[in-house]
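K.L.:
Below is structure.txt; it holds compact mmCIF, C-alpha atoms.
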```txt
# COMPACT_ATOMS: atom_id res chain seq x y z
CA MET A 1 -13.67 8.94 17.70
CA THR A 2 -13.40 9.66 14.01
CA TYR A 3 -12.70 12.56 11.65
CA CYS A 4 -14.58 13.51 8.49
CA ILE A 5 -14.33 16.55 6.21
CA ALA A 6 -16.70 17.85 3.53
CA ILE A 7 -15.33 20.59 1.27
CA SER A 8 -17.65 22.45 -1.13
CA LEU A 9 -15.90 24.52 -3.81
CA ASP A 10 -16.75 26.16 -7.11
CA LYS A 11 -15.64 23.09 -9.04
CA GLY A 12 -17.31 20.46 -6.84
CA LEU A 13 -16.95 18.53 -3.60
CA VAL A 14 -14.13 16.77 -1.76
CA LEU A 15 -15.09 14.31 0.98
CA THR A 16 -12.57 12.65 3.32
CA SER A 17 -13.02 10.25 6.23
CA ASP A 18 -11.04 7.90 8.44
CA SER A 19 -12.22 4.40 9.40
CA ARG A 20 -11.33 3.96 13.08
CA THR A 21 -13.86 3.25 15.82
CA ASN A 22 -12.58 3.36 19.38
CA ALA A 23 -14.66 1.96 22.26
CA GLY A 24 -11.74 1.76 24.68
CA ILE A 25 -8.04 0.95 24.60
CA ASP A 26 -8.64 -2.72 23.84
CA GLN A 27 -11.57 -2.22 21.44
CA VAL A 28 -10.31 -0.53 18.30
CA SER A 29 -12.14 -1.54 15.12
CA THR A 30 -12.31 -0.45 11.50
CA TYR A 31 -15.57 0.71 9.95
CA SER A 32 -16.06 2.86 6.88
CA LYS A 33 -17.59 6.24 7.74
CA MET A 34 -18.36 7.17 4.12
CA PHE A 35 -21.57 5.88 2.55
CA ARG A 36 -22.31 6.32 -1.15
CA PHE A 37 -25.95 5.76 -2.08
CA GLU A 38 -27.39 4.14 -5.19
CA THR A 39 -29.86 6.81 -6.28
CA ASN A 40 -31.64 7.83 -9.45
CA ALA A 41 -29.53 9.09 -12.34
CA ASP A 42 -30.51 12.70 -11.62
CA ARG A 43 -28.69 12.85 -8.30
CA SER A 44 -25.68 11.72 -6.25
CA MET A 45 -25.63 11.52 -2.44
CA VAL A 46 -22.95 10.73 0.15
CA VAL A 47 -23.24 10.59 3.95
CA MET A 48 -20.33 10.53 6.42
CA SER A 49 -20.78 9.80 10.11
CA ALA A 50 -19.23 10.39 13.52
CA GLY A 51 -20.51 9.34 16.92
CA ASN A 52 -22.29 6.27 18.23
CA LEU A 53 -21.77 3.39 15.80
CA ALA A 54 -25.09 1.69 16.54
CA THR A 55 -26.94 4.92 15.84
CA THR A 56 -25.16 5.66 12.56
CA GLN A 57 -25.52 2.09 11.28
CA CYS A 58 -29.26 2.19 11.94
CA VAL A 59 -29.60 5.56 10.21
CA ILE A 60 -27.76 4.32 7.10
CA GLU A 61 -29.87 1.17 7.06
CA GLN A 62 -33.07 3.25 7.29
CA LEU A 63 -31.98 5.46 4.40
CA ASN A 64 -31.28 2.38 2.27
CA ARG A 65 -34.54 0.72 3.33
CA ASP A 66 -36.55 3.80 2.37
CA LEU A 67 -34.91 3.65 -1.06
CA ARG A 68 -35.57 -0.08 -1.52
CA GLU A 69 -39.21 0.21 -0.44
CA ASN A 70 -39.73 3.43 -2.41
CA ASN A 71 -41.17 5.22 0.60
CA GLU A 72 -42.93 8.53 0.03
CA ILE A 73 -39.90 10.41 1.34
CA ASN A 74 -36.47 9.03 0.47
CA LEU A 75 -33.21 10.17 -1.11
CA ASN A 76 -34.81 9.94 -4.56
CA THR A 77 -37.92 12.04 -3.87
CA THR A 78 -36.44 15.26 -2.48
CA HIS A 79 -36.26 18.24 -4.82
CA TYR A 80 -33.48 20.18 -3.09
CA MET A 81 -30.40 19.21 -1.10
CA SER A 82 -31.75 21.19 1.86
CA ASP A 83 -34.89 18.99 1.77
CA THR A 84 -32.61 15.96 1.77
CA ALA A 85 -30.80 17.33 4.82
CA ASP A 86 -34.16 17.79 6.58
CA TYR A 87 -35.12 14.19 5.82
CA VAL A 88 -31.78 12.71 6.93
CA GLY A 89 -31.88 14.90 10.05
CA GLU A 90 -35.33 13.59 10.94
CA VAL A 91 -34.18 9.97 10.56
CA LEU A 92 -31.16 10.70 12.78
CA SER A 93 -33.06 12.55 15.52
CA LYS A 94 -35.78 9.87 15.68
CA ARG A 95 -33.19 7.12 16.15
CA ILE A 96 -31.40 9.09 18.87
CA ARG A 97 -34.67 9.75 20.71
CA ARG A 98 -35.58 6.08 20.52
CA TYR A 99 -32.25 4.95 21.93
CA SER A 100 -32.39 7.64 24.61
CA ASP A 101 -35.78 6.37 25.77
CA GLU A 102 -34.74 2.71 25.72
CA GLU A 103 -31.24 2.79 27.18
CA GLN A 104 -29.96 3.27 30.71
CA SER A 105 -28.52 6.55 31.91
CA GLY A 106 -24.89 7.10 30.96
CA PHE A 107 -25.37 5.75 27.43
CA SER A 108 -24.84 8.35 24.71
CA PRO A 109 -26.57 7.50 21.41
CA GLU A 110 -25.66 10.83 19.77
CA ALA A 111 -24.16 11.02 16.30
CA THR A 112 -23.40 13.73 13.78
CA LEU A 113 -23.55 13.44 9.99
CA LEU A 114 -22.16 15.15 6.91
CA LEU A 115 -24.40 15.03 3.84
CA ALA A 116 -23.07 16.08 0.44
CA GLY A 117 -24.17 15.75 -3.14
CA GLN A 118 -26.14 17.27 -5.96
CA ILE A 119 -29.58 17.05 -7.54
CA GLN A 120 -29.69 17.79 -11.26
CA GLY A 121 -30.52 21.41 -11.94
CA GLN A 122 -29.54 22.43 -8.40
CA PRO A 123 -26.14 23.43 -7.00
CA HIS A 124 -23.93 20.88 -5.27
CA GLN A 125 -23.92 21.35 -1.48
CA ALA A 126 -22.63 19.96 1.80
CA PHE A 127 -24.45 19.98 5.14
CA LEU A 128 -23.50 19.25 8.74
CA ILE A 129 -26.46 17.55 10.45
CA TYR A 130 -26.59 17.77 14.24
CA PRO A 131 -28.05 15.11 16.60
CA GLN A 132 -31.19 17.27 17.00
CA GLY A 133 -31.80 17.03 13.24
CA ASN A 134 -31.03 20.65 12.36
CA HIS A 135 -28.23 21.48 9.95
CA ILE A 136 -25.84 24.10 8.57
CA THR A 137 -24.06 24.40 5.24
CA THR A 138 -20.78 25.86 3.99
CA SER A 139 -20.09 29.47 2.99
CA PRO A 140 -17.57 31.23 0.70
CA GLU A 141 -15.66 32.27 3.83
CA THR A 142 -15.68 28.75 5.31
CA PRO A 143 -16.01 26.26 2.43
CA TYR A 144 -15.66 23.16 4.59
CA LEU A 145 -17.42 21.26 7.39
CA GLN A 146 -15.91 18.86 9.94
CA ILE A 147 -17.25 16.24 12.34
CA GLY A 148 -15.48 14.17 14.93
CA GLU A 149 -11.96 15.03 16.09
CA SER A 150 -11.79 18.27 14.17
CA LYS A 151 -9.47 20.63 16.05
CA TYR A 152 -6.07 19.28 14.96
CA GLY A 153 -6.82 19.37 11.24
CA LYS A 154 -8.59 22.73 11.11
CA PRO A 155 -5.61 25.13 10.73
CA VAL A 156 -4.42 23.69 7.42
CA LEU A 157 -7.94 23.95 5.97
CA ASP A 158 -8.21 27.58 7.08
CA ARG A 159 -4.85 28.47 5.55
CA PHE A 160 -5.16 26.91 2.11
CA LEU A 161 -8.80 26.48 1.04
CA THR A 162 -10.62 29.06 -1.04
CA MET A 163 -13.66 28.68 -3.27
CA ASP A 164 -11.51 28.51 -6.42
CA THR A 165 -9.14 25.83 -5.07
CA SER A 166 -8.96 22.87 -7.46
CA LEU A 167 -10.47 19.58 -6.31
CA LEU A 168 -7.07 17.87 -6.53
CA ASP A 169 -5.47 20.52 -4.31
CA ALA A 170 -8.42 20.37 -1.91
CA ALA A 171 -8.08 16.58 -1.71
CA THR A 172 -4.38 16.95 -0.88
CA CYS A 173 -5.23 19.58 1.74
CA SER A 174 -7.84 17.28 3.30
CA LEU A 175 -5.32 14.43 3.50
CA ILE A 176 -2.79 16.72 5.21
CA SER A 177 -5.55 17.76 7.62
CA MET A 178 -6.28 14.08 8.28
CA ASP A 179 -2.57 13.31 8.77
CA SER A 180 -2.23 16.19 11.27
CA THR A 181 -5.17 14.75 13.20
CA MET A 182 -3.75 11.21 13.18
CA LYS A 183 -0.41 12.58 14.41
CA SER A 184 -2.08 14.10 17.49
CA ASN A 185 -4.89 11.63 18.17
CA VAL A 186 -4.55 7.85 17.97
CA SER A 187 -8.34 7.42 17.89
CA VAL A 188 -8.28 8.59 14.25
CA GLY A 189 -6.66 6.26 11.73
CA PRO A 190 -6.60 4.51 8.34
CA PRO A 191 -7.95 3.33 6.05
CA ILE A 192 -8.57 6.86 4.75
CA GLU A 193 -11.24 7.41 2.10
CA VAL A 194 -11.34 10.36 -0.30
CA LEU A 195 -14.02 11.15 -2.85
CA MET A 196 -13.80 13.92 -5.45
CA TYR A 197 -17.11 14.95 -6.98
CA PHE A 198 -16.96 17.19 -10.04
CA LYS A 199 -19.74 19.75 -10.41
CA ASP A 200 -22.73 18.53 -12.48
CA SER A 201 -21.13 15.12 -13.15
CA LEU A 202 -23.60 13.23 -10.90
CA SER A 203 -20.84 10.60 -10.60
CA LEU A 204 -19.23 9.23 -7.44
CA ARG A 205 -16.56 7.21 -9.24
CA ARG A 206 -13.55 9.26 -8.14
CA HIS A 207 -13.27 7.38 -4.86
CA TYR A 208 -9.93 6.42 -3.25
CA ARG A 209 -9.05 4.26 -0.25
CA PHE A 210 -5.62 4.47 1.40
CA ASP A 211 -4.49 1.82 3.88
CA VAL A 212 -1.99 2.50 6.64
CA ASP A 213 0.97 1.32 4.52
CA ASP A 214 -0.16 2.89 1.25
CA PRO A 215 2.94 4.31 -0.52
CA PHE A 216 1.22 7.55 -1.49
CA LEU A 217 -0.06 8.20 2.04
CA MET A 218 3.39 7.48 3.50
CA GLU A 219 5.08 9.79 0.96
CA LEU A 220 2.61 12.58 1.68
CA ARG A 221 3.29 12.26 5.42
CA ARG A 222 7.07 12.34 4.92
CA GLU A 223 6.97 15.30 2.56
CA TRP A 224 4.63 17.34 4.77
CA GLY A 225 6.76 16.65 7.85
CA SER A 226 9.93 17.53 5.95
CA LYS A 227 8.50 20.78 4.60
CA LEU A 228 7.26 21.79 8.06
CA ASN A 229 10.68 21.14 9.58
CA GLN A 230 12.33 23.14 6.79
CA ALA A 231 9.91 26.06 7.26
CA PHE A 232 10.51 26.03 11.01
CA SER A 233 14.29 26.05 10.59
CA GLU A 234 13.97 29.12 8.34
CA MET A 235 11.74 31.12 10.68
CA PRO A 236 13.21 34.34 12.14
CA ARG A 237 14.46 34.08 15.72
CA ILE A 238 14.20 36.64 18.51
CA PRO A 239 16.85 39.29 17.73
CA ASP A 240 19.94 39.41 19.97
CA SER A 241 19.30 43.10 20.53
CA ASN A 242 16.38 42.16 22.76
CA LYS A 243 18.57 40.22 25.20
CA GLY A 244 18.86 43.12 27.56
CA SER A 245 15.11 43.33 28.05
CA MET A 246 14.62 39.61 28.80
CA GLN A 247 13.56 38.84 32.37
```
Could you quickly redo this structure as C-alpha cells?
P.N.:
Amino acid sequence: MTYCIAISLDKGLVLTSDSRTNAGIDQVSTYSKMFRFETNADRSMVVMSAGNLATTQCVIEQLNRDLRENNEINLNTTHYMSDTADYVGEVLSKRIRRYSDEEQSGFSPEATLLLAGQIQGQPHQAFLIYPQGNHITTSPETPYLQIGESKYGKPVLDRFLTMDTSLLDAATCSLISMDSTMKSNVSVGPPIEVLMYFKDSLSLRRHYRFDVDDPFLMELRREWGSKLNQAFSEMPRIPDSNKGSMQ
C-alpha cells in the first residue's frame, strides 16, 4: 500500500507521497511514487501512483517513451491538463486490460494515479485517474485528492485546507496527514517526498525528500504528537452534574 496527496490551491500545487511497497510481511521495498517529467518549457507535469507496481512502472515507462519518440500524443502535445489526464488514463487502462487478459485469476493489476501540473496559459490542476481511465479533479470545497491508504490522513486535510492556504502551510498539513497515516498503517512509510509548485512558475525545483531519520520529519512528528496530547488534556470533560443520569 502507499499514500499520495495532491493539493491544488490558489497559489499553486503541493504534492506528497511515501515510498513504501508492501507485497507481504517479508517483502517490504522502497520505490519512489512521485515522477517528475522532462517536458517542454511551456509545461510542468508530475504523476504519483498507487497500486500494482508492475502496472505503474510500465505506465511511467510508456509516458517517457512517448516523449522520447515524439509520438503524436504525448505529455508535450496536449493543449489542456484535462487532455493530458485523458491521455494518461488511456495508457493506464490499456496496461490494466492487457495484464488482466494475460494473467491468471486472482492477480490484480489495478493502479490509480494522481496527475498534477500546468500548461502555460492554462490554470494549474490536479486529477485523480481511476483504473478505468476516467478522472476527477479538485474543487474549492475539496481542494485535495488522495490515493492509496487515504482514510487516516483525511481529517487533518479537511480541517485545515482552504483555497487561500499558503503552499508552505499546505505542505506542512500534508506531512502531518502522512504522519497520521504512518502512525496507523505500517504499509505506508518513508522516504517521504514533497513538491511545492508555485502558480505559473513552470518549475518543479521545490522538491524535498525526507528519510525516516530526517531531523525535520522527527521534529514535526514530536511537535504534532505533543500538541495533540496538550489539546486532549484541555478538552472539557463530562460534567459531574450528569452523574445521576449515568446508567
K.L.:
Using all atoms listed in the file, which residues sit within 6 Å of range 35-50 of chain A once same-chain residues fewer than 5 positions away are excluded, as a ChimeraX atom specification?
P.N.:
/A:2,111-120,148,202
K.L.:
Distance CA of Glu193 in chain A-CA of Tyr31 in chain A, one decimal place?
P.N.:
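Interatomic distance here is 11.2 Å.
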K.L.:
Check the smallest atom-to-atom distance from each of A:Asp211, A:Leu228, A:Arg221, A:Ser93 to Thr30 in chain A using all atoms listed in the file, then report the winner.
P.N.:
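Ranking A:Asp211, A:Leu228, A:Arg221, A:Ser93 by distance to Thr30 in chain A, first place goes to A:Asp211.
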K.L.:
Give me the residues within 8 Å of Thr162 in chain A as a list in words, counting all atoms listed in the file and dropping any in the same chain fewer than 6 places off.
P.N.:
Leu9, Pro140, Glu141 and Pro143 of chain A
K.L.:
Tell me which residues come within 12 Å of (4.3, 12.8, 8.4), as a list of chain:residue names, counting only C-alpha atoms in the file's coordinates.
P.N.:
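Collected hits near the coordinates: A:Leu175, A:Ile176, A:Ser177, A:Met178, A:Asp179, A:Ser180, A:Thr181, A:Met182, A:Lys183, A:Ser184, A:Phe216, A:Leu217, A:Met218, A:Glu219, A:Leu220, A:Arg221, A:Arg222, A:Glu223, A:Trp224, A:Gly225, A:Ser226, A:Lys227, A:Leu228, A:Asn229.
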K.L.:
Could you pull out every residue with an atom within 9 Å of (-33.3, 12.0, 19.8), file coordinates, counting only C-alpha atoms, and send them as a ChimeraX atom specification?
P.N.:
/A:92-101,109-110,131-133
K.L.:
From the set A:Ala6, A:Leu53, A:Cys173, A:Val188, which residue has the shortest atom-to-atom contact distance to Thr137 in chain A, counting all atoms listed in the file?
P.N.:
A:Ala6
